[in-house]
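Engineer: Can you keep this structure in mind? I'll have questions shortly.
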Amino acid sequence: MENNKSKNLAGILAIFLPPISSFYLGYIKRGIVQLILNLLILTGVGVIACIAAYIWSWYLALQIFSDKMPDANGNPLV
């Protein structure tokens with residue numbers, strides 16, 4: 001049974017809540033890394049972590065909206 005996920009929801013989550021977007025699409029390891037990166041930002045570790053998280057979130061959103069990223073099972077986003 002195919003589990004279709006919303007491309008629009010995934011893209012919006014990628015922009016505003018990148019770790020949640022990764023968990024939503026089934027990329028658990030990526031979500032954990034993003035969550036750790038965001039926690040580093042919240043604790044004030046540095047500007048580099050902030051810039052990396054910002055670039056990564058926009059890259060994921062572009063991948064999602066351009067139909068280049070399926071969910072973790074290979075199913076296309078609808």
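Each chain of the structure tokens is named A, B, ... in the order shown, its residues numbered from 1; ligands are numbered from 1 in display order.
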With DSSP run on the backbone, what are the alpha helix (DSSP H) residues within chain A? I'd like them as JSON, numbers by chain.
Structural biologist: {"A": [7, 8, 9, 10, 11, 12, 13, 14, 15, 16, 18, 19, 20, 21, 22, 23, 24, 25, 28, 29, 30, 31, 32, 33, 34, 35, 36, 37, 38, 39, 40, 41, 42, 47, 48, 49, 50, 51, 52, 53, 54, 55, 56, 57, 58, 59, 60, 61, 62, 63, 64, 65]}
Engineer: Just the residues within 12 Å of A:Ile32, please, counting only C-alpha atoms, with nothing from its chain fewer than 3 positions along; format it as a list in words.
Structural biologist: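 Returned residues: Pro18, Pro19, Ile20, Ser21, Ser22, Phe23, Gly26, Tyr27, Ile28, Lys29, Leu35, Ile36, Leu37, Asn38 and Leu39 of chain A.
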Engineer: Provide the atom CA of A:Ala49 to atom CA of A:Leu25 distance in Å, to one decimal place.
Structural biologist: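 Answer for the atom CA of A:Ala49 to atom CA of A:Leu25 separation: 23.0 Å.
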Engineer: Using Å and a single decimal, report how far atom CA of A:Pro70 sits from atom CA of A:Cys50.
Structural biologist: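 Separation between atom CA of A:Cys50 and atom CA of A:Pro70: 26.0 Å.
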Engineer: Pick from A:Leu77, A:Ala53, A:Met69, A:Ile48: nearest to A:Phe16, with only C-alpha atoms counted?
Structural biologist: A:Ala53
